[in-house]
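Read through the structure below, which is laid out as structure tokens, and then see the notes.
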Amino acid sequence: MATSRHQPVYGLMAEFEDPNQLVAAAHRAREAGYRRMDAYSPLPIEELHEAIGFHDTKLPLIVLIGGLVGCLSGYLLQFWVSTMAYPLNVGGKPLHSWPAFIPVTFECTILGAALAAVLGMLALNGLPQPYHPVFNVARFALASRNRFFLCIEARDKKFELAETRRFLEALEPREVTVVAD
Amino acid sequence: MPDQHAHDYEDPLAAGNIGMGSSDVIAPGHTFGSVTDKISSIVLTQRTSIGWYLGFLTAGSLAILLLISLAYLSVKGIGIWGNNIPVGWAFDITNFVWWIGIGHAGTLISAILLLLKQSWRTSINRFAEAMTLFAVACAGIFPLFHTGRPWLAYWLLPYPNTMGVWPQFRSPLVWDVFAVSTYATVSALFWFVGLVPDLATLRDRSQSRAGRMIYGMLALGWRGSARHWYRYETAYLLLAGIATPLVVSVHTVVSFDFAIAIVPGWHTTIFPPYFVAGAIYSGFAMVLTLAIPIRAVYGLQDFITLRHLQNMAKVMLVTGLIVAYGYTVEAFIAWYGGNAYEGFMIWNRTTGPYAPFYWALITCNVIVPQVLWFRRVRTNVAALFMLSLIVNVGMWLERFIIIVTSLHRDFMPSAWGLYRATFWDYSTFIGTIGLFLTLLFLFVRFLPMISIFEMRTLVPEAKVEHEI
């Protein structure tokens with residue numbers, strides 16, 4: 001804790017060469033009591049979010065709400081337009097001819113859900129975010145090619161620069177780097 | 001060309017694994033790095049070839065022809081086209097349905113095959129999605145300009161206005177506005193979300209400052225965090241689930257434009273399923289038309305293997321048979337239903353003034369594609385390319401036949417007429433092909449045409465063994 005207050009350190013980053021090592025390292029870090037960490041990989045790894053102890057089930061709910069909002073607003077719009085704002089007798093059909101309103105309701109549901117999925121994902125991920133300390137590590141450019149990184153953050157209660165570095169080096173990474181904040 | 005790729009097929013690794021598995025959807029020996037470099041180098045380091053410039057110039061000239069045609073139409077009105085009562089819809093709606101249909105394969109590949117865990121989709125989904133987006137853009141032009149006053153097109157949308165009028169929500173044409181605009185929006189979102197991790201790769205690998213800036217902005221600061229990937233995968237899967245019913249609904253609604261009307265030849269319950277199958281049929285044909293030259297020009301045979309081409313050929317065979325069933329049922333019901341006008345419509349379609357087009361359509365869409373039953377054809381790249389062109393033509397003819405032959409013989413012989421396409425009909429259609437190819441050339445040059453991060457998941461080292 002003391003170190004992080006005096007030096008602007010975001011955390012310590014270990015670089016691995018394959019996904020197995022990264023998942024194993026993340027597990028070991030959690031077992032060692034570290035909580036504030038993140039793993040970076042050039043491809044989605046199913047096991048990784050569990051390994052760093054991350055669970056989040058908000059997104060499906062957001063998409064459901066987006067879909068319902070789209071559905072209701074689509075239907076109510078047509079209902080209001082057809083029965084109140086601009087009632088027209090078309091072929092003697094009732095003003096509230098609900099079967100004819102289904103296609104537009106359906107499309108609005110889809111639109112609401114899709115927008116919620118994309119915007120919700122971006123918002124929960126905090127994107128767009130032009131600056132992030134991990135980009136200060138030169139080799140991090142390889143995180144989008146073929147290298148796998150584990151970063152233990154300085155705000156972790158157990159973080160101690162020398163101690164954490166020893167811990168990470170014991171995991172046999174390619175190298176360990178200090179991430180400037 | 002077939003001999004050149006024969007080794008792909010005889011490769012022991014590939015041949016032993018025809019069923020599932022991923023080893024034959026990517027050539028052996030690739031690593032995370034080699035996949036990344038191979039695909040990103042097309043955008044970042046390889047020199048732009050003369051062929052690209054020539055292709056772009058040709059496509060761009062055709063796109064300018066489109067601009068001229070549309071400008072002239074805006075000045076003169078839609079009288080410059082050949083449509084006139086009784087044939088009020090002709091090339092414009094034919095082209096609209098044709099383009100929308102082509103788009104459907106992109107969504108099918110990216111969404112439905114993802115849900116079905118078909119890993120072979122990975123190397124073709126990106127440009128199939130781009131194809132969807134560009135095809136929808138081309139499609140949208142036709143109804144927009146067919147209104148004659150495209151600058152008033154916003155009247156189609158429900159918004160409070162000083163005229164005090166609202167759209168008629170019982171009309172399939174209004175449903176179409178909602179279906180197509182939703183489809184365009186969702187396709188664009190799906191495509192962009194899929195691109196974000198690859199844009200980050202381009203940002204990190206670009207040598208030029210402009211490249212780093214532009215790709216960097218588009219990548220939204222993506223850093224491959226495990227938390228981000230988790231939500232990303234959830235969102236992508238949900239989008240696929242959302243896009244699947246959407247793609248079916250869009251062509252269903254397009255078919256309602258016809259099926260809800262009482263015109264003989266349009267008023268048919270078989271239309272929605274037969275339109276959806278036809279859309280997928282033409283879309284896969286277009287994917288093959290594009291994929292075969294692209295893999296040859298950019299040397300992507302490692303990623304778009306013969307297995308991909310074979311699978312697409314099989315999808316074409318199946319959807320082609322569904323379409324053939326649709327034609328049969330149309331004719332059968334016309335006879336079995338006993339309605340004089342329906343009977344006349346089929347008789348006129350098969351023997352009337354447009355009969356040569358009808359038989360050309362049957363030849364292109366039903367008879368010729370039966371060669372796909374033979375494995376030798378499905379593994380022959382040149383034959384597949386020819387066949388994909390034939391199906392593209394056939395599917396265009398199908399929409400032309402449905403629209404023009406149904407309209408040109410009205411209920412009363414006094415209202416009969418004939419449709420002849422004018423120069424501007426052709427120029428607008430060819431112009432949209434130019435626009436489509438222009439966008440595609442730009443896409444291939446500036447964005448990764450194969451999803452890099454998804455290709456990495458096919459590399460054998462991507463498998464994580466469970467050990468806790």
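Letters A, B, ... go to the chains of the structure tokens in the order shown; residues in each chain start at 1; ligands are counted from 1 in the same order.
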For B:Ala296: contacts at 12 Å, only C-alpha atoms, fewer than 2 positions along chain excluded, given as a PyMOL selection string: chain B and resi 1-2+4-5+289-294+298-305+381-382+385
Given only C-alpha atoms, how would the per-residue table for chain B near chain A read, listing every residue at most 6 Å away with its closest atom pair and distance in Å to one decimal, sorted by chain and number, as a tab-separated table?
```
residue	atom	partner	partner_atom	distance
B:Phe32	CA	A:Asn146	CA	5.1
B:Gly33	CA	A:Asn146	CA	5.3
B:Arg170	CA	A:Ala100	CA	5.2
B:Trp175	CA	A:Val104	CA	5.6
B:Ala179	CA	A:Glu107	CA	5.9
B:Thr182	CA	A:Leu111	CA	5.8
B:Thr201	CA	A:Ser144	CA	4.9
B:Asp204	CA	A:Ala141	CA	5.2
B:Leu220	CA	A:Pro128	CA	4.2
B:Gly221	CA	A:Pro130	CA	4.9
B:Gly224	CA	A:Tyr40	CA	5.0
B:Ser225	CA	A:Tyr40	CA	4.4
B:Ala226	CA	A:Ala39	CA	5.3
B:His228	CA	A:Asn125	CA	5.7
B:Trp229	CA	A:Pro44	CA	5.5
B:Ala235	CA	A:Ala117	CA	5.5
B:Phe453	CA	A:Leu43	CA	5.4
B:Val464	CA	A:Asn20	CA	5.3
```
Convert the current residue selection to file output with C-alpha atoms, as a PDB file, in the first residue's frame.
```
ATOM      1  CA  PHE B  32      -1.713 -16.941 -32.893  1.00  0.00           C
ATOM      2  CA  GLY B  33       1.029 -14.803 -34.377  1.00  0.00           C
ATOM      3  CA  ARG B 170     -51.950  -1.802 -41.437  1.00  0.00           C
ATOM      4  CA  TRP B 175     -43.881  -2.801 -41.958  1.00  0.00           C
ATOM      5  CA  ALA B 179     -38.095  -4.249 -40.977  1.00  0.00           C
ATOM      6  CA  THR B 182     -34.050  -2.379 -38.138  1.00  0.00           C
ATOM      7  CA  THR B 201      -4.960  -5.385 -33.350  1.00  0.00           C
ATOM      8  CA  ASP B 204      -1.243  -1.995 -32.136  1.00  0.00           C
ATOM      9  CA  LEU B 220     -12.690   2.364 -28.537  1.00  0.00           C
ATOM     10  CA  GLY B 221      -9.700   1.602 -26.297  1.00  0.00           C
ATOM     11  CA  GLY B 224      -8.571  -7.525 -24.282  1.00  0.00           C
ATOM     12  CA  SER B 225      -9.392  -7.574 -20.582  1.00  0.00           C
ATOM     13  CA  ALA B 226     -10.950 -10.830 -19.345  1.00  0.00           C
ATOM     14  CA  HIS B 228     -14.414  -7.176 -21.292  1.00  0.00           C
ATOM     15  CA  TRP B 229     -14.158 -10.434 -23.204  1.00  0.00           C
ATOM     16  CA  ALA B 235     -23.336  -9.480 -25.965  1.00  0.00           C
ATOM     17  CA  PHE B 453      -9.591 -12.914 -33.062  1.00  0.00           C
ATOM     18  CA  VAL B 464      -7.343 -24.588 -22.352  1.00  0.00           C
TER      19      VAL B 464
END
```
Which of B:Asp410, B:Glu342, B:Glu461, B:Asp37 sits closest to B:Glu330 [using only C-alpha atoms]: B:Glu342
In stretch 15-205 of chain B, what's alpha helix (DSSP H) per DSSP? Answer as number ranges by chain? B: 15, 32-44, 50-76, 91-107, 113-115, 122-146, 172-205
Could you save those same residues with C-alpha atoms as a compact mmCIF listing (two decimals), in the first residue's frame?
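Saved result, out19.txt, follows:
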```
# COMPACT_ATOMS: atom_id res chain seq x y z
CA ALA B 15 -9.19 -35.72 -44.52
CA PHE B 32 -1.71 -16.94 -32.89
CA GLY B 33 1.03 -14.80 -34.38
CA SER B 34 0.92 -16.19 -37.92
CA VAL B 35 -2.87 -15.83 -38.13
CA THR B 36 -2.66 -12.25 -36.90
CA ASP B 37 0.17 -11.31 -39.25
CA LYS B 38 -1.28 -12.97 -42.30
CA ILE B 39 -4.66 -11.24 -42.06
CA SER B 40 -3.49 -7.86 -40.78
CA SER B 41 -0.70 -7.62 -43.36
CA ILE B 42 -3.30 -7.38 -46.13
CA VAL B 43 -4.44 -4.11 -44.59
CA LEU B 44 -1.21 -2.79 -43.11
CA ILE B 50 -2.51 -2.75 -59.53
CA GLY B 51 -5.44 -5.16 -59.67
CA TRP B 52 -7.01 -3.45 -56.69
CA TYR B 53 -6.68 -0.03 -58.31
CA LEU B 54 -8.12 -1.30 -61.59
CA GLY B 55 -11.00 -3.02 -59.81
CA PHE B 56 -11.70 0.01 -57.67
CA LEU B 57 -11.61 2.27 -60.70
CA THR B 58 -14.07 0.09 -62.61
CA ALA B 59 -16.43 -0.32 -59.65
CA GLY B 60 -16.13 3.36 -58.80
CA SER B 61 -17.03 4.37 -62.36
CA LEU B 62 -20.16 2.26 -62.14
CA ALA B 63 -20.98 3.86 -58.81
CA ILE B 64 -20.71 7.24 -60.51
CA LEU B 65 -23.16 5.95 -63.12
CA LEU B 66 -25.51 5.33 -60.21
CA LEU B 67 -25.09 8.90 -59.00
CA ILE B 68 -25.84 10.21 -62.50
CA SER B 69 -28.91 7.97 -62.82
CA LEU B 70 -30.26 9.02 -59.45
CA ALA B 71 -29.56 12.69 -60.07
CA TYR B 72 -31.36 12.53 -63.40
CA LEU B 73 -34.25 10.68 -61.76
CA SER B 74 -34.51 13.33 -59.07
CA VAL B 75 -34.75 16.03 -61.72
CA LYS B 76 -37.06 14.30 -64.20
CA PHE B 91 -36.72 -3.25 -61.92
CA ASP B 92 -36.74 -1.12 -58.80
CA ILE B 93 -38.57 -3.57 -56.56
CA THR B 94 -36.93 -6.56 -58.27
CA ASN B 95 -33.55 -5.09 -57.42
CA PHE B 96 -34.66 -4.16 -53.90
CA VAL B 97 -35.74 -7.73 -53.12
CA TRP B 98 -32.67 -9.17 -54.83
CA TRP B 99 -30.24 -7.05 -52.81
CA ILE B 100 -32.04 -7.60 -49.51
CA GLY B 101 -32.02 -11.33 -50.20
CA ILE B 102 -28.28 -11.30 -50.85
CA GLY B 103 -27.78 -9.64 -47.50
CA HIS B 104 -29.48 -12.49 -45.69
CA ALA B 105 -26.64 -14.96 -46.08
CA GLY B 106 -24.35 -12.63 -44.13
CA THR B 107 -26.63 -12.62 -41.12
CA LEU B 113 -24.21 -20.67 -37.70
CA LEU B 114 -22.70 -19.15 -34.55
CA LEU B 115 -25.62 -20.43 -32.48
CA THR B 122 -15.39 -18.06 -38.64
CA SER B 123 -13.30 -17.28 -41.68
CA ILE B 124 -16.18 -16.14 -43.87
CA ASN B 125 -18.44 -14.31 -41.41
CA ARG B 126 -16.67 -10.94 -41.49
CA PHE B 127 -16.92 -10.30 -45.20
CA ALA B 128 -20.32 -11.97 -45.37
CA GLU B 129 -21.48 -9.39 -42.81
CA ALA B 130 -19.87 -6.60 -44.80
CA MET B 131 -21.66 -7.96 -47.85
CA THR B 132 -24.95 -7.78 -45.89
CA LEU B 133 -24.38 -4.19 -44.96
CA PHE B 134 -23.46 -3.08 -48.48
CA ALA B 135 -26.29 -5.09 -50.03
CA VAL B 136 -28.82 -3.49 -47.67
CA ALA B 137 -27.44 -0.07 -48.60
CA CYS B 138 -27.96 -0.86 -52.29
CA ALA B 139 -31.43 -2.26 -51.58
CA GLY B 140 -32.51 0.84 -49.69
CA ILE B 141 -31.82 3.09 -52.67
CA PHE B 142 -34.61 1.54 -54.76
CA PRO B 143 -37.74 2.06 -52.65
CA LEU B 144 -36.31 5.41 -51.56
CA PHE B 145 -36.01 6.69 -55.13
CA HIS B 146 -39.11 4.88 -56.30
CA PRO B 172 -47.09 -3.99 -45.29
CA LEU B 173 -45.13 -1.18 -46.93
CA VAL B 174 -44.87 0.53 -43.53
CA TRP B 175 -43.88 -2.80 -41.96
CA ASP B 176 -41.17 -2.94 -44.59
CA VAL B 177 -39.78 0.43 -43.52
CA PHE B 178 -39.46 -0.85 -39.96
CA ALA B 179 -38.09 -4.25 -40.98
CA VAL B 180 -35.45 -2.95 -43.36
CA SER B 181 -34.29 -0.07 -41.17
CA THR B 182 -34.05 -2.38 -38.14
CA TYR B 183 -32.16 -4.89 -40.26
CA ALA B 184 -29.71 -2.25 -41.46
CA THR B 185 -29.14 -0.99 -37.89
CA VAL B 186 -28.68 -4.42 -36.32
CA SER B 187 -26.39 -5.59 -39.15
CA ALA B 188 -24.23 -2.51 -38.70
CA LEU B 189 -24.05 -3.02 -34.92
CA PHE B 190 -23.22 -6.70 -35.26
CA TRP B 191 -20.51 -5.96 -37.79
CA PHE B 192 -18.95 -3.16 -35.76
CA VAL B 193 -18.99 -5.11 -32.49
CA GLY B 194 -17.27 -7.99 -34.27
CA LEU B 195 -14.63 -5.60 -35.59
CA VAL B 196 -13.64 -3.93 -32.30
CA PRO B 197 -10.99 -6.46 -31.12
CA ASP B 198 -9.50 -6.61 -34.62
CA LEU B 199 -9.37 -2.83 -34.83
CA ALA B 200 -7.33 -2.97 -31.61
CA THR B 201 -4.96 -5.38 -33.35
CA LEU B 202 -4.59 -2.98 -36.28
CA ARG B 203 -4.05 -0.09 -33.85
CA ASP B 204 -1.24 -2.00 -32.14
CA ARG B 205 0.37 -3.19 -35.35
```
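If you look at atom CA of B:Thr319 and atom CA of B:Val377, they are 17.3 Å away from each other.
You can rank B:Met395, B:Ala153, B:Ile401, B:Ala415 by their closest distance to B:Pro356 using only C-alpha atoms, and at the top of that list sits B:Ile401.
Of the residues under consideration (A:Arg30, A:Leu72, A:Ala180, A:Ala154), A:Ala180 shows the shortest atom-to-atom contact distance to A:Pro133 when counting only C-alpha atoms.
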Per-residue DSSP, stretch 30-149 of chain A, filtered to strand (DSSP E or B), as a PyMOL selection string: chain A and resi 37-40+148-149
So that I can see what lies close to A:Glu172, please list as a list in words the residues with an atom at most 10 Å from it, counting only C-alpha atoms and leaving out residues fewer than 5 positions away in the same chain. Ala14, Glu15, Phe16, Gln21, Ala25 and Phe167 of chain A
Would you list the contacts of stretch 325-327 of chain B as number ranges by chain, taking every protein, DNA or RNA residue within 12 Å and counting only C-alpha atoms, but skipping same-chain residues closer than 6 positions in sequence? B: 265, 268-278, 318-319, 333-334, 346, 349-350, 358-359, 361-362, 365-366, 398, 401-402
Provide the atom CA of A:Pro173 to atom CA of A:Glu17 distance in Å, to one decimal place. 7.9 Å
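For the pair atom CA of B:Val315 and atom CA of B:Val371, the interatomic distance is 13.5 Å.
Near A:Lys158, within a cut-off of 9 Å and counting only C-alpha atoms, sit the residues Met1, Gly33, Tyr34, Arg35 and Thr164 of chain A, with same-chain residues fewer than 5 positions away left out.
Counting only C-alpha atoms, B:Ser388 has the following residues at most 8 Å away, ignoring those fewer than 6 positions along the same chain: Ala285, Met286, Leu288 and Thr289 of chain B.
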Those same residues - C-alpha atoms - I'd like them written as a PDB file, in the first residue's frame.
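Listing of part01.pdb after writing:
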```pdb
ATOM      1  CA  ALA B 285     -24.324 -17.709 -54.115  1.00  0.00           C
ATOM      2  CA  MET B 286     -23.042 -14.156 -53.641  1.00  0.00           C
ATOM      3  CA  LEU B 288     -19.196 -17.801 -53.155  1.00  0.00           C
ATOM      4  CA  THR B 289     -18.986 -15.262 -55.983  1.00  0.00           C
TER       5      THR B 289
END
```
